file structure.txt (compact mmCIF, C-alpha atoms and all ligand atoms)
# COMPACT_ATOMS: atom_id res chain seq x y z
CA MET A 73 0.00 0.00 0.00
CA SER A 74 1.28 3.46 -0.82
CA GLN A 75 2.22 5.37 2.28
CA GLN A 76 0.88 8.58 0.74
CA ASN A 77 -2.55 7.39 -0.28
CA VAL A 78 -4.54 6.46 2.76
CA GLY A 79 -8.04 5.25 1.95
CA SER A 80 -8.66 6.94 -1.36
CA LEU A 81 -7.45 10.41 -0.43
CA ASP A 82 -4.43 11.79 -2.26
CA VAL A 83 -2.59 12.75 0.90
CA GLU A 84 0.44 14.17 -0.87
CA ALA A 85 -1.73 16.64 -2.80
CA ILE A 86 -3.67 17.44 0.35
CA ARG A 87 -0.51 18.16 2.35
CA ALA A 88 0.62 20.66 -0.26
CA GLU A 89 -2.31 22.87 0.78
CA TYR A 90 -1.13 23.13 4.39
CA PRO A 91 2.10 25.18 4.62
CA ILE A 92 2.20 24.67 8.39
CA LEU A 93 2.94 20.98 7.80
CA GLU A 94 6.28 22.00 6.26
CA ARG A 95 7.51 23.25 9.62
CA GLU A 96 10.52 21.56 11.17
CA PHE A 97 11.76 21.65 14.74
CA ASP A 98 15.56 21.32 15.02
CA GLY A 99 15.58 19.82 11.56
CA THR A 100 12.87 17.27 12.33
CA PRO A 101 9.66 17.61 10.32
CA LEU A 102 6.51 18.28 12.31
CA VAL A 103 4.22 15.31 12.82
CA TYR A 104 0.90 16.81 13.84
CA LEU A 105 -1.33 14.30 15.61
CA ASP A 106 -3.43 16.67 17.70
CA ASN A 107 -6.31 17.08 15.29
CA ALA A 108 -9.06 16.25 17.76
CA ALA A 109 -8.03 19.47 19.53
CA THR A 110 -7.71 21.61 16.39
CA THR A 111 -7.11 20.79 12.75
CA HIS A 112 -5.00 22.89 10.41
CA THR A 113 -6.38 25.26 7.83
CA PRO A 114 -5.84 24.63 4.12
CA GLU A 115 -4.98 27.35 1.64
CA PRO A 116 -8.49 27.62 0.12
CA VAL A 117 -9.88 28.48 3.57
CA VAL A 118 -7.12 30.96 4.40
CA GLU A 119 -7.56 32.44 0.93
CA ALA A 120 -11.34 32.80 1.28
CA MET A 121 -10.92 34.65 4.57
CA SER A 122 -8.11 36.88 3.28
CA ASP A 123 -10.12 37.60 0.19
CA TYR A 124 -13.11 38.58 2.30
CA TYR A 125 -10.96 41.00 4.32
CA ARG A 126 -9.32 42.36 1.18
CA THR A 127 -12.50 42.90 -0.80
CA SER A 128 -15.75 42.78 1.18
CA ASN A 129 -14.98 43.45 4.86
CA SER A 130 -17.89 45.25 6.50
CA ASN A 131 -20.56 44.71 9.11
CA VAL A 132 -23.64 42.62 8.33
CA HIS A 133 -27.34 43.35 8.42
CA ARG A 134 -26.91 47.00 9.24
CA GLY A 135 -25.84 48.81 6.12
CA ILE A 136 -27.33 49.41 2.73
CA HIS A 137 -23.98 50.18 1.16
CA GLN A 138 -22.47 47.68 -1.27
CA LEU A 139 -19.82 46.24 1.06
CA SER A 140 -22.31 45.61 3.83
CA GLN A 141 -24.59 43.88 1.37
CA GLU A 142 -21.76 41.68 0.16
CA ALA A 143 -20.74 40.80 3.72
CA SER A 144 -24.36 40.07 4.64
CA ILE A 145 -24.85 37.79 1.65
CA ALA A 146 -21.60 35.94 2.40
CA TYR A 147 -22.60 35.55 6.03
CA GLU A 148 -26.09 34.32 5.22
CA ASP A 149 -24.84 31.98 2.49
CA ALA A 150 -22.51 30.36 4.99
CA HIS A 151 -25.53 29.36 7.07
CA ASP A 152 -27.19 27.78 4.02
CA ARG A 153 -24.01 25.95 3.07
CA VAL A 154 -23.64 24.49 6.56
CA ALA A 155 -27.33 23.49 6.60
CA ASP A 156 -26.86 21.66 3.33
CA PHE A 157 -23.67 19.96 4.60
CA ILE A 158 -25.42 18.41 7.62
CA GLY A 159 -28.76 17.70 5.95
CA ALA A 160 -30.84 20.42 7.66
CA SER A 161 -33.76 21.03 5.32
CA GLY A 162 -34.84 24.13 7.25
CA GLU A 163 -31.70 25.81 5.85
CA ARG A 164 -30.34 28.92 7.51
CA GLU A 165 -33.17 29.15 10.03
CA GLU A 166 -31.93 25.98 11.69
CA ILE A 167 -28.26 26.98 11.80
CA VAL A 168 -27.10 29.29 14.59
CA PHE A 169 -23.50 30.44 14.48
CA THR A 170 -21.77 30.53 17.85
CA LYS A 171 -18.16 30.73 18.99
CA ASN A 172 -17.64 26.97 19.27
CA THR A 173 -19.29 23.72 20.37
CA THR A 174 -19.06 24.78 24.00
CA GLU A 175 -20.99 27.96 23.36
CA SER A 176 -23.57 26.03 21.33
CA GLU A 177 -24.15 23.74 24.30
CA ASN A 178 -24.39 26.69 26.67
CA LEU A 179 -26.84 28.40 24.35
CA LEU A 180 -29.10 25.36 24.51
CA ALA A 181 -28.63 24.95 28.25
CA TYR A 182 -29.36 28.59 29.11
CA SER A 183 -32.06 29.17 26.55
CA TRP A 184 -33.95 25.89 26.70
CA GLY A 185 -32.62 24.25 29.88
CA LEU A 186 -33.07 27.09 32.34
CA ASN A 187 -36.57 27.79 31.10
CA GLU A 188 -37.87 24.26 30.60
CA LEU A 189 -36.25 22.06 33.25
CA GLY A 190 -37.63 21.58 36.75
CA PRO A 191 -37.24 19.28 39.76
CA ASP A 192 -39.20 16.46 38.10
CA ASP A 193 -36.99 16.38 35.03
CA GLU A 194 -33.96 14.28 34.24
CA VAL A 195 -31.14 15.01 31.85
CA VAL A 196 -29.47 11.83 30.63
CA LEU A 197 -25.80 12.11 29.68
CA THR A 198 -23.21 9.42 29.08
CA GLU A 199 -20.06 8.69 31.04
CA MET A 200 -18.02 9.68 27.99
CA GLU A 201 -19.38 13.23 27.64
CA HIS A 202 -16.93 16.09 27.14
CA HIS A 203 -16.92 18.66 29.94
CA ALA A 204 -18.63 21.02 27.50
CA SER A 205 -21.81 18.97 28.03
CA LEU A 206 -21.17 17.43 31.38
CA VAL A 207 -20.30 20.58 33.32
CA THR A 208 -22.94 22.63 31.57
CA TRP A 209 -25.83 20.26 32.32
CA GLN A 210 -24.58 19.70 35.87
CA GLN A 211 -24.78 23.44 36.50
CA ILE A 212 -28.14 23.89 34.81
CA ALA A 213 -29.49 20.93 36.81
CA LYS A 214 -28.33 22.59 40.03
CA ARG A 215 -30.12 25.76 39.13
CA THR A 216 -33.36 24.11 38.03
CA GLY A 217 -33.55 21.21 40.48
CA ALA A 218 -33.40 18.70 37.62
CA SER A 219 -31.29 15.58 38.06
CA VAL A 220 -28.53 14.20 35.88
CA LYS A 221 -28.06 10.52 35.02
CA TYR A 222 -25.20 8.89 33.15
CA ILE A 223 -25.43 6.00 30.70
CA GLU A 224 -22.55 3.68 31.53
CA VAL A 225 -19.62 2.93 29.28
CA ASP A 226 -18.86 -0.81 29.17
CA GLU A 227 -15.42 -2.42 29.28
CA THR A 228 -15.11 -2.27 25.47
CA GLY A 229 -15.53 1.50 25.49
CA ARG A 230 -19.07 1.42 24.08
CA LEU A 231 -22.26 2.67 25.64
CA ASP A 232 -24.18 0.03 27.57
CA MET A 233 -27.41 0.25 25.57
CA GLU A 234 -29.32 -1.85 28.08
CA HIS A 235 -28.42 0.75 30.68
CA ALA A 236 -29.44 3.45 28.21
CA ARG A 237 -32.90 1.88 28.02
CA GLU A 238 -33.09 1.90 31.83
CA CYS A 239 -31.90 5.52 32.12
CA ILE A 240 -34.16 7.03 29.48
CA THR A 241 -37.68 7.12 30.89
CA ASP A 242 -40.78 9.30 30.83
CA ASP A 243 -38.99 11.56 33.34
CA THR A 244 -36.25 12.29 30.81
CA ALA A 245 -36.41 15.78 29.37
CA LEU A 246 -33.17 15.68 27.38
CA VAL A 247 -30.61 13.12 26.29
CA SER A 248 -27.20 14.67 25.61
CA VAL A 249 -24.75 12.37 23.87
CA VAL A 250 -21.40 12.75 22.17
CA HIS A 251 -21.48 11.42 18.59
CA VAL A 252 -17.79 10.43 18.47
CA SER A 253 -15.97 10.33 21.79
CA ASN A 254 -12.91 12.57 21.85
CA THR A 255 -11.24 10.20 24.33
CA LEU A 256 -12.33 6.68 23.41
CA GLY A 257 -12.94 7.25 19.71
CA THR A 258 -16.27 5.43 20.09
CA VAL A 259 -18.89 6.21 17.46
CA ASN A 260 -22.15 6.19 19.39
CA PRO A 261 -25.50 4.91 18.04
CA VAL A 262 -27.03 8.37 18.07
CA ALA A 263 -30.01 7.53 15.84
CA GLU A 264 -30.98 4.68 18.16
CA LEU A 265 -30.62 7.00 21.16
CA ALA A 266 -32.73 9.62 19.39
CA ASP A 267 -35.48 7.02 18.91
CA LEU A 268 -35.29 6.09 22.57
CA ALA A 269 -35.46 9.73 23.65
CA HIS A 270 -38.39 10.47 21.37
CA ASP A 271 -40.27 7.34 22.49
CA HIS A 272 -40.29 8.92 25.94
CA GLY A 273 -41.14 12.44 24.77
CA ALA A 274 -37.61 13.72 25.40
CA TYR A 275 -35.32 15.76 23.16
CA ILE A 276 -31.85 14.72 22.10
CA PHE A 277 -28.80 16.93 21.80
CA VAL A 278 -25.80 15.46 19.96
CA ASP A 279 -22.27 16.79 20.47
CA GLY A 280 -20.80 16.38 17.00
CA ALA A 281 -17.47 18.15 17.60
CA GLN A 282 -15.53 15.05 16.53
CA ALA A 283 -18.10 13.69 14.09
CA VAL A 284 -18.86 16.44 11.58
CA PRO A 285 -15.16 16.88 10.69
CA THR A 286 -14.59 13.19 10.09
CA ARG A 287 -17.66 11.50 8.61
CA PRO A 288 -20.86 12.27 6.72
CA VAL A 289 -23.46 13.58 9.17
CA ASP A 290 -27.16 13.94 8.42
CA VAL A 291 -28.98 15.51 11.35
CA GLU A 292 -32.38 14.58 9.93
CA ALA A 293 -31.42 10.93 9.38
CA ILE A 294 -30.30 10.87 13.03
CA ASP A 295 -33.46 12.80 13.96
CA ALA A 296 -31.38 14.97 16.31
CA ASP A 297 -33.31 17.81 17.88
CA PHE A 298 -30.10 19.75 18.45
CA TYR A 299 -26.59 19.15 17.14
CA ALA A 300 -23.37 21.12 17.68
CA PHE A 301 -19.85 21.33 16.26
CA SER A 302 -16.85 23.68 15.84
CA GLY A 303 -15.21 25.17 12.75
CA HIS A 304 -11.65 24.77 14.02
CA LYS A 305 -11.85 20.97 14.11
CA MET A 306 -12.93 20.68 10.46
CA ALA A 307 -10.26 22.56 8.51
CA GLY A 308 -12.04 25.83 9.30
CA PRO A 309 -11.14 28.80 11.46
CA THR A 310 -11.33 29.24 15.22
CA GLY A 311 -14.01 31.53 16.60
CA ILE A 312 -17.00 29.90 14.93
CA GLY A 313 -19.23 27.01 15.95
CA VAL A 314 -22.69 25.80 15.03
CA LEU A 315 -25.84 24.94 16.89
CA TYR A 316 -28.33 23.13 14.68
CA GLY A 317 -31.85 23.00 16.07
CA LYS A 318 -35.15 21.90 14.58
CA LYS A 319 -36.87 25.07 13.45
CA LYS A 320 -39.94 24.58 15.60
CA LEU A 321 -37.82 24.15 18.71
CA LEU A 322 -35.60 27.14 17.98
CA GLU A 323 -38.71 29.21 17.37
CA GLU A 324 -40.03 28.34 20.80
CA MET A 325 -36.75 29.08 22.58
CA GLU A 326 -35.88 32.40 24.22
CA PRO A 327 -32.67 34.14 23.18
CA TYR A 328 -29.61 33.41 25.27
CA LEU A 329 -27.81 36.70 24.62
CA TYR A 330 -29.44 40.05 24.01
CA GLY A 331 -28.41 43.10 22.03
CA GLY A 332 -28.36 44.55 18.56
CA GLY A 333 -29.04 42.55 15.44
CA MET A 334 -31.44 40.08 17.09
CA ILE A 335 -34.50 42.26 17.66
CA ARG A 336 -37.63 43.08 15.71
CA LYS A 337 -39.02 45.99 17.75
CA VAL A 338 -37.60 47.77 20.78
CA THR A 339 -39.40 50.28 22.98
CA PHE A 340 -38.39 51.71 26.36
CA GLU A 341 -40.60 49.07 27.94
CA ASP A 342 -39.91 45.86 26.03
CA SER A 343 -38.48 44.19 22.94
CA THR A 344 -39.44 41.49 20.48
CA TRP A 345 -37.12 39.16 18.64
CA GLY A 346 -36.10 38.91 15.02
CA ASP A 347 -36.27 35.89 12.73
CA LEU A 348 -34.24 32.72 13.04
CA PRO A 349 -31.35 32.34 13.27
CA TRP A 350 -30.55 36.02 13.94
CA LYS A 351 -32.53 36.00 17.17
CA PHE A 352 -29.67 33.90 18.61
CA GLU A 353 -26.82 35.91 17.04
CA PRO A 354 -26.71 39.36 18.68
CA GLY A 355 -23.87 41.78 18.13
CA THR A 356 -21.31 41.66 15.35
CA PRO A 357 -21.01 37.98 14.46
CA PRO A 358 -17.93 36.04 13.25
CA ILE A 359 -18.26 37.14 9.62
CA ALA A 360 -14.82 36.29 8.24
CA GLU A 361 -14.98 33.04 10.21
CA ALA A 362 -18.32 32.23 8.57
CA VAL A 363 -16.70 32.80 5.19
CA GLY A 364 -13.89 30.48 6.30
CA LEU A 365 -16.32 27.84 7.50
CA HIS A 366 -18.14 27.98 4.18
CA ALA A 367 -14.83 27.41 2.40
CA ALA A 368 -13.98 24.55 4.77
CA VAL A 369 -17.28 22.85 3.96
CA ASP A 370 -16.60 23.27 0.23
CA TYR A 371 -13.13 21.85 0.76
CA LEU A 372 -14.32 18.82 2.72
CA GLU A 373 -17.14 18.06 0.31
CA GLU A 374 -14.69 18.14 -2.53
CA LEU A 375 -12.54 15.60 -0.72
CA GLY A 376 -15.69 13.56 -0.06
CA MET A 377 -16.80 12.85 3.49
CA GLU A 378 -16.99 9.09 2.85
CA ARG A 379 -13.35 9.19 1.80
CA VAL A 380 -12.47 11.29 4.84
CA ARG A 381 -14.15 8.72 7.05
CA ALA A 382 -12.32 5.82 5.38
CA HIS A 383 -9.02 7.64 5.81
CA GLU A 384 -9.71 8.27 9.50
CA GLU A 385 -10.70 4.67 10.14
CA GLU A 386 -7.71 3.30 8.32
CA LEU A 387 -5.16 5.46 10.12
CA ALA A 388 -6.78 4.81 13.49
CA ALA A 389 -6.70 1.06 12.82
CA TYR A 390 -3.05 1.24 11.79
CA ALA A 391 -2.14 3.25 14.91
CA TYR A 392 -4.18 0.94 17.12
CA ASP A 393 -2.53 -2.17 15.74
CA ARG A 394 0.98 -0.74 15.91
CA LEU A 395 0.50 0.45 19.49
CA ALA A 396 -1.14 -2.84 20.50
CA GLU A 397 1.92 -4.75 19.19
CA GLU A 398 4.08 -2.89 21.68
CA GLY A 399 2.91 -4.95 24.65
CA ASP A 400 3.42 -2.19 27.24
CA VAL A 401 0.80 0.17 25.81
CA GLU A 402 -2.72 0.29 27.18
CA ILE A 403 -5.24 1.52 24.60
CA TYR A 404 -8.70 2.84 25.52
CA GLY A 405 -11.88 2.45 23.51
CA PRO A 406 -13.23 -0.02 20.97
CA GLU A 407 -11.14 -2.06 18.59
CA PRO A 408 -10.69 -0.65 15.08
CA GLY A 409 -13.70 -0.66 12.79
CA ALA A 410 -16.84 1.26 12.05
CA GLU A 411 -17.43 1.99 15.71
CA ARG A 412 -14.12 3.85 16.15
CA GLY A 413 -13.29 7.30 14.85
CA GLY A 414 -9.84 8.60 13.92
CA LEU A 415 -8.12 8.87 17.27
CA VAL A 416 -6.36 6.62 19.75
CA SER A 417 -5.90 7.37 23.46
CA PHE A 418 -3.36 5.29 25.31
CA ASN A 419 -0.81 5.06 28.11
CA LEU A 420 2.72 3.69 28.04
CA GLU A 421 3.38 1.58 31.13
CA GLY A 422 5.40 3.48 33.74
CA VAL A 423 5.36 6.80 31.88
CA HIS A 424 3.03 9.68 32.71
CA ALA A 425 1.11 10.89 29.66
CA HIS A 426 2.55 14.40 30.09
CA ASP A 427 6.10 13.07 30.09
CA LEU A 428 5.29 11.03 27.02
CA ALA A 429 3.90 14.07 25.22
CA SER A 430 7.00 16.02 26.15
CA ILE A 431 9.28 13.32 24.70
CA MET A 432 7.11 13.17 21.61
CA ASN A 433 7.59 16.91 21.31
CA ASP A 434 11.38 16.36 21.28
CA HIS A 435 10.71 14.23 18.19
CA ALA A 436 8.49 16.98 16.73
CA VAL A 437 5.47 14.70 17.23
CA ALA A 438 2.53 16.76 18.51
CA ILE A 439 0.07 14.73 20.58
CA ARG A 440 -2.31 15.67 23.37
CA ALA A 441 -1.84 14.54 26.96
CA GLY A 442 -4.24 15.01 29.85
CA ASP A 443 -7.83 14.16 30.57
CA HIS A 444 -9.11 15.55 27.23
CA CYS A 445 -11.94 17.29 29.12
CA THR A 446 -13.33 13.92 30.25
CA GLN A 447 -12.13 13.73 33.84
CA PRO A 448 -14.91 11.47 35.15
CA LEU A 449 -14.29 9.04 32.28
CA HIS A 450 -10.57 8.97 33.13
CA ASP A 451 -11.51 8.30 36.77
CA LYS A 452 -13.56 5.36 35.54
CA LEU A 453 -10.65 4.13 33.42
CA GLY A 454 -8.52 4.36 36.58
CA VAL A 455 -5.98 6.81 35.15
CA ALA A 456 -5.42 10.51 35.72
CA ALA A 457 -4.45 11.17 32.15
CA SER A 458 -3.83 9.59 28.76
CA ALA A 459 -1.92 10.40 25.61
CA ARG A 460 -4.00 10.91 22.48
CA ALA A 461 -3.02 10.74 18.84
CA SER A 462 -5.70 12.01 16.50
CA PHE A 463 -5.66 12.06 12.73
CA TYR A 464 -6.88 14.17 9.88
CA VAL A 465 -6.92 14.18 6.11
CA TYR A 466 -3.21 15.03 5.82
CA ASN A 467 -1.79 12.37 8.14
CA THR A 468 0.18 9.38 6.86
CA HIS A 469 1.28 5.94 7.99
CA GLU A 470 4.84 7.24 8.37
CA GLU A 471 3.60 9.74 10.91
CA VAL A 472 2.06 6.94 12.94
CA ASP A 473 5.40 5.12 12.68
CA ALA A 474 7.17 8.23 14.04
CA LEU A 475 4.82 8.18 17.03
CA VAL A 476 5.47 4.51 17.74
CA GLU A 477 9.23 4.84 17.28
CA ALA A 478 9.42 7.73 19.76
CA LEU A 479 8.02 5.43 22.47
CA ASP A 480 11.47 3.87 22.84
CA ASP A 481 12.96 7.12 24.05
CA ALA A 482 10.24 7.39 26.67
CA ARG A 483 10.94 3.84 27.86
CA GLN A 484 14.65 4.55 28.15
CA LEU A 485 14.12 7.73 30.12
CA PHE A 486 11.26 6.74 32.40
CA ALA A 487 10.49 3.05 32.50
N1 LIG B 501 -17.14 18.13 22.50
C1 LIG B 501 -16.17 17.32 22.07
C2 LIG B 501 -16.47 15.88 21.83
C3 LIG B 501 -14.89 17.82 21.85
O1 LIG B 501 -13.92 17.01 21.43
C4 LIG B 501 -14.65 19.19 22.07
C5 LIG B 501 -13.30 19.76 21.92
O2 LIG B 501 -12.31 19.15 22.16
C6 LIG B 501 -15.70 19.99 22.50
C7 LIG B 501 -16.93 19.44 22.71
C8 LIG B 501 -15.52 21.45 22.73
O3 LIG B 501 -15.18 22.07 21.53
P1 LIG B 501 -14.79 23.61 21.52
O4 LIG B 501 -13.55 23.71 22.37
O5 LIG B 501 -14.52 23.93 20.11
O6 LIG B 501 -15.91 24.35 22.12

call {"tool": "encode", "arguments": {"input": "structure.txt", "output": "structure tokens"}}
result
Amino acid sequence: MSQQNVGSLDVEAIRAEYPILEREFDGTPLVYLDNAATTHTPEPVVEAMSDYYRTSNSNVHRGIHQLSQEASIAYEDAHDRVADFIGASGEREEIVFTKNTTESENLLAYSWGLNELGPDDEVVLTEMEHHASLVTWQQIAKRTGASVKYIEVDETGRLDMEHARECITDDTALVSVVHVSNTLGTVNPVAELADLAHDHGAYIFVDGAQAVPTRPVDVEAIDADFYAFSGHKMAGPTGIGVLYGKKKLLEEMEPYLYGGGMIRKVTFEDSTWGDLPWKFEPGTPPIAEAVGLHAAVDYLEELGMERVRAHEEELAAYAYDRLAEEGDVEIYGPEPGAERGGLVSFNLEGVHAHDLASIMNDHAVAIRAGDHCTQPLHDKLGVAASARASFYVYNTHEEVDALVEALDDARQLFA
């Protein structure tokens, strides 16, 4: 198998669009395996944003001059493009731009959660939720008197679906589940969970921060009520995220932030709200970032999301197998296959994950070490931290080899 063509992506051609990948540290080429934290930005995205600043920069929805009209159209189009990308037939009205996944979750929690939850309600999370969900719903539950339940993760790193069926009851108001776990790599059965939630009259929120960048996602096929993700994990810019919501539900929700750009009529006594999605986007929004996100979606669709998924699965399987051969590496999450996304979290016996990441850095291999914002899950796994290698469209088998080879240095120094 060619080392440059993983799945059916032309990785060599792809890499040429990412100048940052040419960086070297002390003569050693960068191996960037921290994509679950943030992916890099290809030239077409950088170019689209630069071009916007060079030619159309202006504020949106508040000017009748030509530049403002151009900026407004670009900003609105970005909503439509994202809607199309994730299968939201309600188009821009169902797509709220936020700062990131975390803000999308907070928007839902403050707008819907604070107003709708009460002491008789339960919010069902999973033990593998990112802190963005877990902490947010914990706090909203405290303020509303609602309770929080967790669907257990079994020893294979998958959700215990029998336990899910026990947890989700007529008392459930919301199920909040991560689509692809950023720690275990598990791809969760979100459509099945959506059915379960709906059977009990509950809503489902899906955290798609690791899913939308790496696989085709159709929010309507899942029947998600709400779905969130971030631009910076999908070849797009930082500073922009998305909250998808079914139009009817977004219509019923109160704004989370107030100010200019989201109102219909303001008097000294009261105000009314503008149309979707603007009612949730007060103030000057991330306009250049929306242009960048639009370009990132174009870029990913051109690569083909099925091909991106195949590439992710193949590299994750290769990394999993190579690490598993080592004998002194503990890997977390399901075995390679359709139920594992493109990341591998692990620990090297006798070496703290932070020390490992630091040694990797000496080899110019960038990985993440820590709890990956899933502290309770790490407690359950019985470790304080893990190392995580995560892959994107530009990664190669050789880069996985570099990761595995650097383990020897760690053994010599620490084990
Ligand atoms: N959810 C998951 C599964 C994630 O992996 C992340 C980021 O690592 C987040 C939520 C939060 O994303 P952001 O930092 O862009 O808000």

call {"tool": "residues_around", "arguments": {"input": "structure.txt", "residues": "Leu449 (chain A)", "least_positions_apart": "5", "cutoff": "12 Å", "atoms": "all atoms listed in the file", "output": "PyMOL selection string"}}
result
chain A and resi 198-203+206+222-227+229+253-256+404-405+442-444+454-458

call {"tool": "atom_distance", "arguments": {"input": "structure.txt", "atom1": "atom O4 of ligand LIG 501 (chain B)", "atom2": "CA of Asp451 (chain A)"}}
result
21.2 Å

call {"tool": "residues_around", "arguments": {"input": "structure.txt", "residues": "His366 (chain A)", "least_positions_apart": "3", "cutoff": "7 Å", "atoms": "all atoms listed in the file", "output": "VMD selection string"}}
result
chain A and resid 150 153 to 154 362 to 363 369 to 370

call {"tool": "closest_atom_pairs", "arguments": {"input": "structure.txt", "of": "chain A", "to": "ligand LIG 501 (chain B)", "cutoff": "10 Å", "atoms": "all atoms listed in the file", "output": "CSV"}}
result
residue,atom,partner,partner_atom,distance
A:Asn107,CA,B:LIG501,O2,9.4
A:Ala108,CA,B:LIG501,O1,6.1
A:Ala109,CA,B:LIG501,O2,5.0
A:Thr110,CA,B:LIG501,O2,7.8
A:Thr170,CA,B:LIG501,O6,9.5
A:Lys171,CA,B:LIG501,O6,7.5
A:Asn172,CA,B:LIG501,O6,4.2
A:Thr173,CA,B:LIG501,O6,3.9
A:Thr174,CA,B:LIG501,O6,3.7
A:Glu175,CA,B:LIG501,O6,6.4
A:Ser176,CA,B:LIG501,O6,7.9
A:Glu177,CA,B:LIG501,O6,8.5
A:Asn178,CA,B:LIG501,O6,9.9
A:Met200,CA,B:LIG501,C2,8.9
A:Glu201,CA,B:LIG501,C2,7.0
A:His202,CA,B:LIG501,N1,5.1
A:His203,CA,B:LIG501,C7,7.3
A:Ala204,CA,B:LIG501,C7,5.3
A:Ser205,CA,B:LIG501,C7,7.2
A:Leu206,CA,B:LIG501,N1,9.8
A:Val249,CA,B:LIG501,C2,9.2
A:Val250,CA,B:LIG501,C2,5.8
A:His251,CA,B:LIG501,C2,7.4
A:Val252,CA,B:LIG501,C2,6.5
A:Ser253,CA,B:LIG501,C2,5.6
A:Asn254,CA,B:LIG501,O1,4.6
A:Thr255,CA,B:LIG501,O1,7.9
A:Gly257,CA,B:LIG501,C2,9.6
A:Val278,CA,B:LIG501,N1,9.4
A:Asp279,CA,B:LIG501,N1,5.7
A:Gly280,CA,B:LIG501,C2,6.5
A:Ala281,CA,B:LIG501,C1,4.7
A:Gln282,CA,B:LIG501,C2,5.4
A:Ala283,CA,B:LIG501,C2,8.2
A:Ala300,CA,B:LIG501,C7,8.3
A:Phe301,CA,B:LIG501,O5,7.1
A:Ser302,CA,B:LIG501,O5,4.9
A:Gly303,CA,B:LIG501,O5,7.5
A:His304,CA,B:LIG501,O5,6.8
A:Lys305,CA,B:LIG501,O5,7.2
A:Thr310,CA,B:LIG501,O5,7.9
A:Gly311,CA,B:LIG501,O5,8.4
A:Ile312,CA,B:LIG501,O5,8.3
A:Gly313,CA,B:LIG501,O5,7.0
A:Val314,CA,B:LIG501,O5,9.8
A:His444,CA,B:LIG501,O2,7.0
A:Cys445,CA,B:LIG501,O2,7.2
A:Thr446,CA,B:LIG501,C2,9.2

call {"tool": "residues_near_point", "arguments": {"input": "structure.txt", "point": "(-32.4, 27.3, 26.8)", "cutoff": "12 Å", "atoms": "all atoms listed in the file", "output": "JSON, numbers by chain"}}
result
{"A": [175, 176, 177, 178, 179, 180, 181, 182, 183, 184, 185, 186, 187, 188, 189, 208, 209, 212, 216, 246, 298, 317, 321, 322, 323, 324, 325, 326, 327, 328, 329, 352]}

call {"tool": "closest_residue", "arguments": {"input": "structure.txt", "among": "A:Asn129, A:Thr100, A:Thr356, A:Thr258", "to": "Glu411 (chain A)", "atoms": "only C-alpha atoms"}}
result
A:Thr258

call {"tool": "residues_around", "arguments": {"input": "structure.txt", "residues": "region 435-438 of chain A", "least_positions_apart": "2", "cutoff": "12 Å", "atoms": "only C-alpha atoms", "output": "JSON list (two decimals) with C-alpha atoms, keeping the file's coordinate frame"}}
result
[["chain", "number", "residue", "atom", "x", "y", "z"],
["A", 93, "LEU", "CA", 2.94, 20.98, 7.80],
["A", 94, "GLU", "CA", 6.28, 22.00, 6.26],
["A", 95, "ARG", "CA", 7.51, 23.25, 9.62],
["A", 96, "GLU", "CA", 10.52, 21.56, 11.17],
["A", 97, "PHE", "CA", 11.76, 21.65, 14.74],
["A", 98, "ASP", "CA", 15.56, 21.32, 15.02],
["A", 99, "GLY", "CA", 15.58, 19.82, 11.56],
["A", 100, "THR", "CA", 12.87, 17.27, 12.33],
["A", 101, "PRO", "CA", 9.66, 17.61, 10.32],
["A", 102, "LEU", "CA", 6.51, 18.28, 12.31],
["A", 103, "VAL", "CA", 4.22, 15.31, 12.82],
["A", 104, "TYR", "CA", 0.90, 16.81, 13.84],
["A", 105, "LEU", "CA", -1.33, 14.30, 15.61],
["A", 106, "ASP", "CA", -3.43, 16.67, 17.70],
["A", 107, "ASN", "CA", -6.31, 17.08, 15.29],
["A", 108, "ALA", "CA", -9.06, 16.25, 17.76],
["A", 109, "ALA", "CA", -8.03, 19.47, 19.53],
["A", 110, "THR", "CA", -7.71, 21.61, 16.39],
["A", 111, "THR", "CA", -7.11, 20.79, 12.75],
["A", 426, "HIS", "CA", 2.55, 14.40, 30.09],
["A", 428, "LEU", "CA", 5.29, 11.03, 27.02],
["A", 429, "ALA", "CA", 3.90, 14.07, 25.22],
["A", 430, "SER", "CA", 7.00, 16.02, 26.15],
["A", 431, "ILE", "CA", 9.28, 13.32, 24.70],
["A", 432, "MET", "CA", 7.11, 13.17, 21.61],
["A", 433, "ASN", "CA", 7.59, 16.91, 21.31],
["A", 440, "ARG", "CA", -2.31, 15.67, 23.37],
["A", 441, "ALA", "CA", -1.84, 14.54, 26.96],
["A", 459, "ALA", "CA", -1.92, 10.40, 25.61],
["A", 460, "ARG", "CA", -4.00, 10.91, 22.48],
["A", 461, "ALA", "CA", -3.02, 10.74, 18.84],
["A", 462, "SER", "CA", -5.70, 12.01, 16.50],
["A", 463, "PHE", "CA", -5.66, 12.06, 12.73],
["A", 467, "ASN", "CA", -1.79, 12.37, 8.14],
["A", 470, "GLU", "CA", 4.84, 7.24, 8.37],
["A", 471, "GLU", "CA", 3.60, 9.74, 10.91],
["A", 472, "VAL", "CA", 2.06, 6.94, 12.94],
["A", 473, "ASP", "CA", 5.40, 5.12, 12.68],
["A", 474, "ALA", "CA", 7.17, 8.23, 14.04],
["A", 475, "LEU", "CA", 4.82, 8.18, 17.03],
["A", 476, "VAL", "CA", 5.47, 4.51, 17.74],
["A", 477, "GLU", "CA", 9.23, 4.84, 17.28],
["A", 478, "ALA", "CA", 9.42, 7.73, 19.76],
["A", 479, "LEU", "CA", 8.02, 5.43, 22.47],
["A", 480, "ASP", "CA", 11.47, 3.87, 22.84],
["A", 481, "ASP", "CA", 12.96, 7.12, 24.05],
["A", 482, "ALA", "CA", 10.24, 7.39, 26.67]]
